[in-house]
Structure formats: structure tokens, C-alpha cells
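This is entry11.cif (mmCIF, C-alpha atoms and all ligand atoms).
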```cif
data_input
#
loop_
_atom_site.label_atom_id
_atom_site.label_comp_id
_atom_site.auth_asym_id
_atom_site.auth_seq_id
_atom_site.Cartn_x
_atom_site.Cartn_y
_atom_site.Cartn_z
CA MET A 3 56.10 -66.89 20.75
CA LEU A 4 58.38 -67.89 17.86
CA ARG A 5 60.74 -65.04 17.26
CA ARG A 6 63.39 -64.39 14.62
CA MET A 7 66.08 -61.81 14.97
CA SER A 8 68.22 -59.74 12.69
CA VAL A 9 71.90 -60.66 12.54
CA LEU A 10 74.60 -58.02 12.93
CA SER A 11 75.78 -56.88 9.52
CA ALA A 12 79.38 -56.60 8.31
CA PRO A 13 79.46 -52.78 8.70
CA ASP A 14 78.36 -53.13 12.35
CA LEU A 15 81.22 -55.54 13.01
CA LYS A 16 83.77 -53.38 11.13
CA ARG A 17 83.30 -50.64 13.70
CA VAL A 18 85.04 -52.74 16.35
CA PRO A 19 88.78 -51.86 16.49
CA GLY A 20 91.91 -53.80 17.51
CA VAL A 21 92.13 -57.37 18.85
CA LEU A 22 88.48 -57.14 19.81
CA GLY A 23 87.59 -56.55 16.16
CA ARG A 24 89.59 -59.60 15.11
CA ILE A 25 87.88 -61.84 17.69
CA VAL A 26 84.44 -60.54 16.74
CA GLU A 27 85.12 -61.15 13.05
CA LEU A 28 86.17 -64.76 13.75
CA ARG A 29 83.15 -65.34 15.98
CA ALA A 30 80.82 -63.95 13.29
CA GLY A 31 82.42 -66.41 10.83
CA ASP A 32 81.70 -69.32 13.19
CA TYR A 33 77.99 -68.47 13.25
CA VAL A 34 77.45 -67.11 9.74
CA ASP A 35 75.25 -70.04 8.67
CA ALA A 36 73.40 -70.36 11.98
CA ASP A 37 69.63 -69.93 12.11
CA PRO A 38 68.67 -66.57 13.66
CA ALA A 39 65.33 -67.90 14.97
CA LEU A 40 65.20 -67.74 18.75
CA GLY A 41 62.30 -70.14 19.10
CA GLU A 42 59.67 -70.19 21.79
CA ALA A 43 59.86 -67.83 24.72
CA ARG A 44 61.22 -69.46 27.88
CA ALA A 45 60.55 -68.50 31.46
CA GLY A 46 63.59 -66.99 33.13
CA GLU A 47 64.48 -67.73 36.72
CA ARG A 48 66.73 -64.67 37.02
CA ARG A 49 69.12 -66.80 39.06
CA PHE A 50 72.21 -64.87 38.02
CA GLU A 51 70.65 -61.53 38.91
CA ALA A 52 69.36 -62.87 42.24
CA ALA A 53 72.77 -64.31 43.16
CA LEU A 54 74.34 -60.86 42.84
CA ALA A 55 71.67 -58.98 44.73
CA ALA A 56 72.96 -59.98 48.21
CA PRO A 57 73.83 -57.00 50.45
CA GLU A 58 77.54 -57.93 50.64
CA LEU A 59 79.90 -57.68 47.66
CA SER A 60 79.50 -60.84 45.55
CA LEU A 61 82.22 -62.64 43.60
CA ILE A 62 81.74 -63.86 40.03
CA ALA A 63 84.72 -66.18 39.58
CA GLU A 64 85.83 -66.90 36.04
CA VAL A 65 87.04 -70.12 34.42
CA LYS A 66 89.71 -68.58 32.17
CA ARG A 67 92.54 -70.67 30.73
CA ALA A 68 94.03 -68.08 28.38
CA SER A 69 93.53 -64.52 27.15
CA PRO A 70 94.88 -62.19 24.46
CA SER A 71 96.63 -60.06 27.11
CA GLU A 72 98.27 -62.91 29.07
CA GLY A 73 98.42 -65.88 26.71
CA ALA A 74 98.16 -69.19 28.60
CA ILE A 75 97.04 -68.61 32.22
CA ALA A 76 96.48 -72.14 33.62
CA PRO A 77 95.27 -75.47 32.19
CA LEU A 78 92.16 -75.46 34.40
CA ASP A 79 89.74 -78.35 34.48
CA PRO A 80 86.41 -76.46 34.36
CA ALA A 81 84.59 -78.82 36.74
CA ASP A 82 87.40 -78.74 39.34
CA ALA A 83 87.67 -74.97 39.00
CA ALA A 84 83.93 -74.47 39.46
CA ARG A 85 83.87 -76.69 42.57
CA ALA A 86 86.83 -74.82 44.02
CA TYR A 87 85.26 -71.42 43.32
CA ALA A 88 82.00 -72.55 44.94
CA ALA A 89 83.92 -73.75 48.01
CA GLY A 90 85.73 -70.39 48.04
CA GLY A 91 82.47 -68.47 48.34
CA ALA A 92 81.75 -67.41 44.75
CA ALA A 93 78.15 -66.35 44.03
CA ALA A 94 78.31 -67.20 40.32
CA ILE A 95 80.72 -68.71 37.78
CA SER A 96 81.74 -67.08 34.52
CA VAL A 97 82.90 -69.46 31.78
CA LEU A 98 84.76 -68.41 28.64
CA THR A 99 83.48 -70.26 25.58
CA GLU A 100 85.57 -68.44 22.94
CA PRO A 101 88.03 -71.05 21.57
CA ARG A 102 90.85 -69.22 19.79
CA TYR A 103 91.98 -66.52 22.21
CA PHE A 104 90.54 -67.78 25.51
CA ASP A 105 90.83 -71.58 25.12
CA GLY A 106 87.15 -71.89 26.00
CA ASN A 107 84.42 -74.14 24.62
CA ARG A 108 80.92 -75.51 25.04
CA GLU A 109 82.14 -78.45 27.14
CA ALA A 110 83.63 -76.09 29.72
CA LEU A 111 80.22 -74.47 30.24
CA LEU A 112 78.38 -77.83 30.29
CA GLU A 113 80.79 -79.22 32.89
CA VAL A 114 80.45 -76.19 35.13
CA VAL A 115 76.66 -76.34 34.95
CA ALA A 116 76.77 -80.07 35.77
CA VAL A 117 78.90 -79.82 38.91
CA THR A 118 77.62 -76.72 40.69
CA ASP A 119 74.29 -75.12 41.54
CA LEU A 120 75.76 -71.65 41.15
CA PRO A 121 74.39 -69.71 38.17
CA ALA A 122 76.75 -69.70 35.17
CA LEU A 123 77.50 -66.83 32.81
CA ARG A 124 78.40 -67.62 29.19
CA LYS A 125 81.35 -65.31 28.55
CA ASP A 126 81.78 -64.89 24.83
CA PHE A 127 81.62 -62.34 22.05
CA VAL A 128 77.94 -62.50 21.20
CA VAL A 129 77.45 -61.41 17.58
CA HIS A 130 74.62 -63.72 16.52
CA PRO A 131 71.31 -64.65 18.18
CA ALA A 132 72.20 -68.36 17.88
CA MET A 133 74.90 -67.78 20.51
CA LEU A 134 72.20 -66.81 23.00
CA ARG A 135 70.07 -69.82 22.12
CA GLU A 136 73.13 -72.02 22.72
CA ALA A 137 73.81 -70.35 26.06
CA ALA A 138 70.27 -71.19 27.20
CA ASP A 139 70.45 -74.75 25.79
CA TRP A 140 73.77 -75.38 27.54
CA GLY A 141 72.33 -74.38 30.90
CA ALA A 142 73.78 -70.90 31.36
CA SER A 143 71.75 -68.52 33.51
CA ALA A 144 73.20 -65.46 31.81
CA ALA A 145 75.14 -64.26 28.78
CA LEU A 146 77.56 -61.40 28.27
CA LEU A 147 76.47 -58.62 25.90
CA MET A 148 79.20 -56.13 25.04
CA VAL A 149 78.11 -52.62 24.05
CA SER A 150 81.48 -52.14 22.30
CA VAL A 151 80.41 -54.92 19.93
CA LEU A 152 76.63 -54.52 19.73
CA HIS A 153 76.39 -50.71 19.79
CA GLU A 154 72.80 -49.63 19.01
CA HIS A 155 71.76 -53.31 18.68
CA THR A 156 72.30 -53.81 22.42
CA GLY A 157 68.59 -53.42 23.22
CA GLU A 158 67.57 -55.97 20.61
CA TYR A 159 70.06 -58.56 21.94
CA LEU A 160 68.96 -57.81 25.49
CA GLY A 161 65.37 -58.52 24.46
CA ALA A 162 66.49 -61.78 22.81
CA ALA A 163 68.34 -62.87 25.97
CA HIS A 164 65.28 -62.18 28.12
CA HIS A 165 63.04 -63.99 25.58
CA LEU A 166 65.22 -67.08 26.13
CA GLY A 167 65.01 -66.79 29.91
CA LEU A 168 68.60 -65.56 30.23
CA ASP A 169 69.86 -62.69 32.34
CA ALA A 170 72.30 -60.44 30.50
CA LEU A 171 75.46 -58.84 31.82
CA VAL A 172 75.66 -55.72 29.66
CA GLU A 173 79.29 -54.63 29.52
CA VAL A 174 80.51 -51.04 29.14
CA HIS A 175 83.87 -49.29 29.29
CA ASP A 176 83.08 -45.58 28.94
CA GLU A 177 80.34 -42.99 29.47
CA ARG A 178 78.92 -43.32 25.97
CA GLU A 179 78.60 -47.09 26.28
CA LEU A 180 77.04 -46.72 29.74
CA ASP A 181 74.40 -44.40 28.31
CA ILE A 182 73.58 -47.01 25.63
CA ALA A 183 73.26 -49.74 28.29
CA LEU A 184 70.95 -47.57 30.42
CA GLU A 185 68.87 -46.58 27.40
CA ALA A 186 68.60 -50.27 26.34
CA GLY A 187 67.02 -51.13 29.70
CA ALA A 188 69.86 -53.30 31.08
CA ARG A 189 69.16 -54.76 34.54
CA ILE A 190 72.77 -55.85 35.14
CA ILE A 191 75.62 -53.61 33.98
CA GLY A 192 79.28 -54.65 34.07
CA VAL A 193 82.00 -52.02 33.92
CA ASN A 194 85.16 -53.42 32.35
CA ASN A 195 88.36 -51.85 33.67
CA ARG A 196 90.16 -53.31 30.66
CA ASP A 197 90.08 -51.34 27.42
CA LEU A 198 89.59 -54.20 24.98
CA THR A 199 91.18 -52.33 22.10
CA THR A 200 94.49 -51.67 23.93
CA LEU A 201 94.10 -54.41 26.64
CA LYS A 202 95.21 -51.86 29.30
CA ILE A 203 93.71 -52.01 32.80
CA ASP A 204 92.63 -48.88 34.69
CA LEU A 205 90.96 -49.69 38.03
CA SER A 206 89.51 -46.18 38.26
CA VAL A 207 87.05 -46.90 35.42
CA SER A 208 84.64 -49.02 37.51
CA PRO A 209 84.20 -46.59 40.43
CA ARG A 210 83.72 -43.71 37.99
CA LEU A 211 81.07 -45.36 35.82
CA ILE A 212 79.32 -47.08 38.73
CA ARG A 213 78.85 -43.68 40.42
CA ARG A 214 77.56 -42.27 37.16
CA ALA A 215 75.06 -45.10 36.74
CA ARG A 216 73.71 -44.58 40.26
CA GLU A 217 73.51 -40.80 39.71
CA ALA A 218 71.48 -41.51 36.57
CA GLY A 219 68.99 -43.38 38.79
CA PHE A 220 70.00 -46.95 37.81
CA THR A 221 68.65 -49.33 40.46
CA GLY A 222 69.86 -52.62 38.93
CA VAL A 223 72.97 -54.68 39.59
CA LEU A 224 76.44 -53.19 38.99
CA VAL A 225 79.50 -55.37 38.43
CA ALA A 226 83.15 -54.23 38.48
CA GLU A 227 85.18 -56.31 36.01
CA SER A 228 88.84 -57.12 35.29
CA GLY A 229 92.24 -56.49 36.80
CA TYR A 230 91.47 -57.33 40.47
CA ARG A 231 94.47 -59.01 42.13
CA THR A 232 94.45 -58.00 45.82
CA PRO A 233 91.95 -57.24 48.62
CA GLN A 234 93.17 -53.61 48.36
CA ASP A 235 92.08 -53.50 44.71
CA ILE A 236 88.66 -54.80 45.75
CA ALA A 237 88.37 -52.18 48.53
CA ALA A 238 88.01 -49.49 45.83
CA VAL A 239 84.60 -50.86 44.78
CA ARG A 240 83.26 -52.02 48.18
CA GLY A 241 80.07 -50.10 48.94
CA LEU A 242 79.80 -49.13 45.25
CA ALA A 243 79.55 -52.32 43.19
CA ASP A 244 77.22 -55.26 43.86
CA ALA A 245 79.74 -57.75 42.50
CA VAL A 246 83.26 -58.13 41.14
CA LEU A 247 84.17 -60.36 38.20
CA VAL A 248 87.63 -61.88 38.57
CA GLY A 249 89.45 -64.26 36.23
CA SER A 250 93.22 -64.27 35.74
CA SER A 251 94.40 -63.65 39.31
CA LEU A 252 92.27 -66.55 40.62
CA ALA A 253 92.80 -68.90 37.66
CA GLY A 254 96.59 -68.55 37.85
CA SER A 255 96.79 -68.88 41.65
CA GLY A 256 97.21 -72.67 42.00
CA ASP A 257 94.64 -72.82 44.86
CA LEU A 258 91.45 -71.37 43.45
CA SER A 259 89.31 -71.80 46.53
CA ARG A 260 91.76 -70.14 48.85
CA ALA A 261 92.55 -67.39 46.35
CA ALA A 262 88.84 -66.59 46.02
CA ARG A 263 88.40 -66.40 49.80
CA ASP A 264 91.56 -64.36 50.39
CA LEU A 265 90.71 -61.89 47.64
CA MET A 266 87.26 -61.18 49.05
CA THR A 267 88.36 -60.90 52.71
CA PRO A 268 88.60 -57.18 53.57
O1 LIG A 301 91.10 -61.83 34.13
P1 LIG A 301 90.57 -60.59 34.76
O2 LIG A 301 91.45 -59.39 34.55
O3 LIG A 301 90.24 -60.81 36.20
O4 LIG A 301 89.18 -60.23 34.01
C1 LIG A 301 88.05 -61.08 34.10
C2 LIG A 301 86.98 -60.60 33.13
O5 LIG A 301 86.53 -59.33 33.52
C3 LIG A 301 87.50 -60.60 31.69
O6 LIG A 301 87.81 -61.92 31.36
C4 LIG A 301 86.55 -60.01 30.67
C5 LIG A 301 85.73 -58.95 30.85
N1 LIG A 301 85.03 -58.68 29.74
C6 LIG A 301 85.36 -59.57 28.80
C7 LIG A 301 84.88 -59.73 27.52
C8 LIG A 301 85.36 -60.76 26.77
C9 LIG A 301 86.34 -61.62 27.29
C10 LIG A 301 86.82 -61.47 28.56
C11 LIG A 301 86.32 -60.45 29.34
#
```
Could you spell out this file's structure in C-alpha cells?
Amino acid sequence: MLRRMSVLSAPDLKRVPGVLGRIVELRAGDYVDADPALGEARAGERRFEAALAAPELSLIAEVKRASPSEGAIAPLDPADAARAYAAGGAAAISVLTEPRYFDGNREALLEVVAVTDLPALRKDFVVHPAMLREAADWGASAALLMVSVLHEHTGEYLGAAHHLGLDALVEVHDERELDIALEAGARIIGVNNRDLTTLKIDLSVSPRLIRRAREAGFTGVLVAESGYRTPQDIAAVRGLADAVLVGSSLAGSGDLSRAARDLMTP
């Protein structure tokens, strides 16, 4: 089925505050002339979802060279980083493709997909359907969808991701966003401990929202995201989350494989 999609309008994007708003505005500018047609439906393998469904806590390790909160983190080679994360026991690899604040790009994702069999997540600020089509074309198994950016359009973007055979990590940071993700029919929900408008980390956010999602009857995959530096930090979501998403503390460690293993060892 050939499907076209609506593009987020300027008023939608204006509702995003702080640094996040600035990034989203720049990303929308990059894709303003892109074709919103999704094209033919593709069969999804749900590899990302399956990789996180193991009974033990899974690690999604992130290729992250820079961020707005930390500036330059490490000049990682994406292929080397992905190989090291795989050797360190990661279940999936997250790759930043946002160029200005995260020093990411398309090549980083392509290289990761080329060197490892682990499913890859395109980590970017999705504001246009063409970004999802790219994610699928570049070999990603999943894309990030942020409720703080997509608001009531979350369900439509989720449908577009599934149409393209992609899994979607639907990211939330508070109760209201969680309710939107649940309502939209998300199968994988990520709880970000970082408030992207202030960039502050609060590790109590994930346990709180993960419990709430389970109480609401959510049976899908739950991911705790951001700010995890020690095995003690991880202990707070063991038995609650299905996976943790970790970037900076691994990327800046110097020995990515060992850091991944050490972090996940109780
Ligand atoms: O580097 P950290 O604190 O381990 O966080 C990783 C990941 O959760 C973070 O990069 C992230 C979570 N949600 C995002 C949305 C956009 C960009 C980045 C992110």
C-alpha cells in the first residue's frame, strides 16, 4: 500500500520548549522539502523488540559522540564502538544521527548496521515521515519517537514506523506523556530520566513510570533511559524494566566492551 502522511506543522513544533525545541526546529528545517510519502508497506521482523524481550535485563548501548548536556563525549568510531558493545553483551545498538548537537550522521548508522547483527535503533528527533523512511532504508530495526515532540501525532508516526517494518521506541518523561504512548498503542515504551527541557537527570522517573505502565495493564517492552553510570544505578530498575539504554557513561569510558559488561554485572 502506497501511503502518504501529514507533516508536523509549525504550531506543533512551537510547543516544544528549551534546547529540545531548538533541535526540533533545526531538524524540521533539514526535512522541510522532503517527500512525505512512505511508499509501499514493508514486512517488519520486529528484531529490536525481540532482542529486548529476554527474561534478563537487556542493554541497549548507544553510539554517542556528543550531547547538549555534556558537549564532546568521545570521538568514537561507530563500527569499532558497535563491535565493542556487541562483545560486551549488548542486545541492541542505539545510534545518534542528529548532526549538530550529537555529532551523529547517516554514515554512523550504516557502519553499525554493516558490522554487527544486533538490531540498531535510529536515535534522532523524528519530525517528518521521511526520517522514518530513511531509518528503514539505512537498515535500522527501530526508530525513536518522542511524545514530547510528537504529542497527539504519536499514534500516526507509530503507524508509519510499523508500515515501514520498523519497531518504535516511544519515549516519555511524565505521566501525561505515558498516557499518550499507551493510548497510541506503543509496543515499546522508553522512560527518559533526563528532562530534555532542563537536561536534568532524575533516576526515580523510570521506576515510577514503569510501575504506572504495568499497573495500567501494559504488557509490552519497557526501557529505562539515561543517566546510568554504575551497577547500583542499574539495580533500581532490575526486575522492573526489560532493558536499559545507556550512552555517555559507556561512550566516555575508554574501554566500551568492559564498561558495558561491568555496568550490567549485578
Ligand atoms: O547518555 P545517557 O545519559 O546514558 O543517555 C542515553 C540516552 O538515553 C539519551 O541519549 C537519550 C534519550 N532520549 C533521547 C532523545 C534524543 C537524544 C538523546 C536521547
How would you write, as a list in words, the set of residues no farther than 6 Å from ligand LIG 301 (chain A) when counting only C-alpha atoms and all ligand atoms?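 Counting only what the definition allows, namely only C-alpha atoms and all ligand atoms, the set is Asp126, Asn194, Glu227, Ser228, Gly229, Tyr230, Leu247, Val248, Gly249, Ser250 and Ser251 of chain A.
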What does the structure give for the distance between CA of Leu40 in chain A and CA of Met133 in chain A, in Å to one decimal? 9.9 Å
Let me make sure I understand: among A:Ala144, A:Ala81, A:Ala132, A:Ala56, which one has the smallest atom-to-atom distance to Glu109 in chain A if we use all atoms listed in the file?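 Using all atoms listed in the file, Glu109 in chain A sits closest to A:Ala81.
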Using all atoms of range 224-235 of chain A listed in the file and a margin of 4 Å per side, can you give the axis-aligned box centre and edge lengths in Å to one decimal, as AutoDock Vina command-line options?
```
--center_x 85.5 --center_y -56.1 --center_z 42.0 --size_x 26.0 --size_y 13.8 --size_z 21.3
```
Quick check, in Å to one decimal: how far apart do CA of Ala183 in chain A and CA of Glu154 in chain A lie?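 Those two atoms sit 9.3 Å apart.
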So which one's closest to Leu258 in chain A, A:Ala226, A:Ile191, A:Ala83, A:Leu242? Using only C-alpha atoms, please.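 Closest to Leu258 in chain A, using only C-alpha atoms: A:Ala83.
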Using all atoms listed in the file, pick whichever of A:Glu64, A:Asp264, A:Asp35, A:Asp169 has the shortest atom-to-atom distance to Ser96 in chain A.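 Between A:Glu64, A:Asp264, A:Asp35, A:Asp169, the residue approaching Ser96 in chain A most closely is A:Glu64.
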Just give me the residues with any atom within 10 Å of (66.0, -64.2, 26.9), file coordinates, counting all atoms listed in the file, written as a PDB file with C-alpha atoms, keeping the file's coordinate frame.
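So out_30.pdb came out as:
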```
ATOM      1  CA  LEU A  40      65.200 -67.740  18.750  1.00  0.00           C
ATOM      2  CA  ALA A  43      59.860 -67.830  24.720  1.00  0.00           C
ATOM      3  CA  ARG A  44      61.220 -69.460  27.880  1.00  0.00           C
ATOM      4  CA  ALA A  45      60.550 -68.500  31.460  1.00  0.00           C
ATOM      5  CA  GLY A  46      63.590 -66.990  33.130  1.00  0.00           C
ATOM      6  CA  LEU A 134      72.200 -66.810  23.000  1.00  0.00           C
ATOM      7  CA  ARG A 135      70.070 -69.820  22.120  1.00  0.00           C
ATOM      8  CA  ALA A 137      73.810 -70.350  26.060  1.00  0.00           C
ATOM      9  CA  ALA A 138      70.270 -71.190  27.200  1.00  0.00           C
ATOM     10  CA  SER A 143      71.750 -68.520  33.510  1.00  0.00           C
ATOM     11  CA  ALA A 144      73.200 -65.460  31.810  1.00  0.00           C
ATOM     12  CA  ALA A 145      75.140 -64.260  28.780  1.00  0.00           C
ATOM     13  CA  TYR A 159      70.060 -58.560  21.940  1.00  0.00           C
ATOM     14  CA  LEU A 160      68.960 -57.810  25.490  1.00  0.00           C
ATOM     15  CA  GLY A 161      65.370 -58.520  24.460  1.00  0.00           C
ATOM     16  CA  ALA A 162      66.490 -61.780  22.810  1.00  0.00           C
ATOM     17  CA  ALA A 163      68.340 -62.870  25.970  1.00  0.00           C
ATOM     18  CA  HIS A 164      65.280 -62.180  28.120  1.00  0.00           C
ATOM     19  CA  HIS A 165      63.040 -63.990  25.580  1.00  0.00           C
ATOM     20  CA  LEU A 166      65.220 -67.080  26.130  1.00  0.00           C
ATOM     21  CA  GLY A 167      65.010 -66.790  29.910  1.00  0.00           C
ATOM     22  CA  LEU A 168      68.600 -65.560  30.230  1.00  0.00           C
ATOM     23  CA  ASP A 169      69.860 -62.690  32.340  1.00  0.00           C
ATOM     24  CA  ALA A 170      72.300 -60.440  30.500  1.00  0.00           C
TER      25      ALA A 170
END
```
Minimum-distance residue to Leu78 in chain A, chosen among A:Leu54, A:Ile212, A:Leu152, A:Gly254 (using all atoms listed in the file):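 Going through A:Leu54, A:Ile212, A:Leu152, A:Gly254 one by one, the smallest distance to Leu78 in chain A is for A:Gly254.
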Computed interatomic separation between CA of Gly241 in chain A and CA of Leu59 in chain A (Å):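 Separation of CA of Gly241 in chain A and CA of Leu59 in chain A: 7.7 Å.
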List the neighbours of Gly157 in chain A out to 9 Å using all atoms listed in the file; skip same-chain residues closer than 6 positions along the sequence, and give me the result as a list in words.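 What passes the distance filter is Ile182, Ala183, Glu185, Ala186, Gly187 and Ala188 of chain A.
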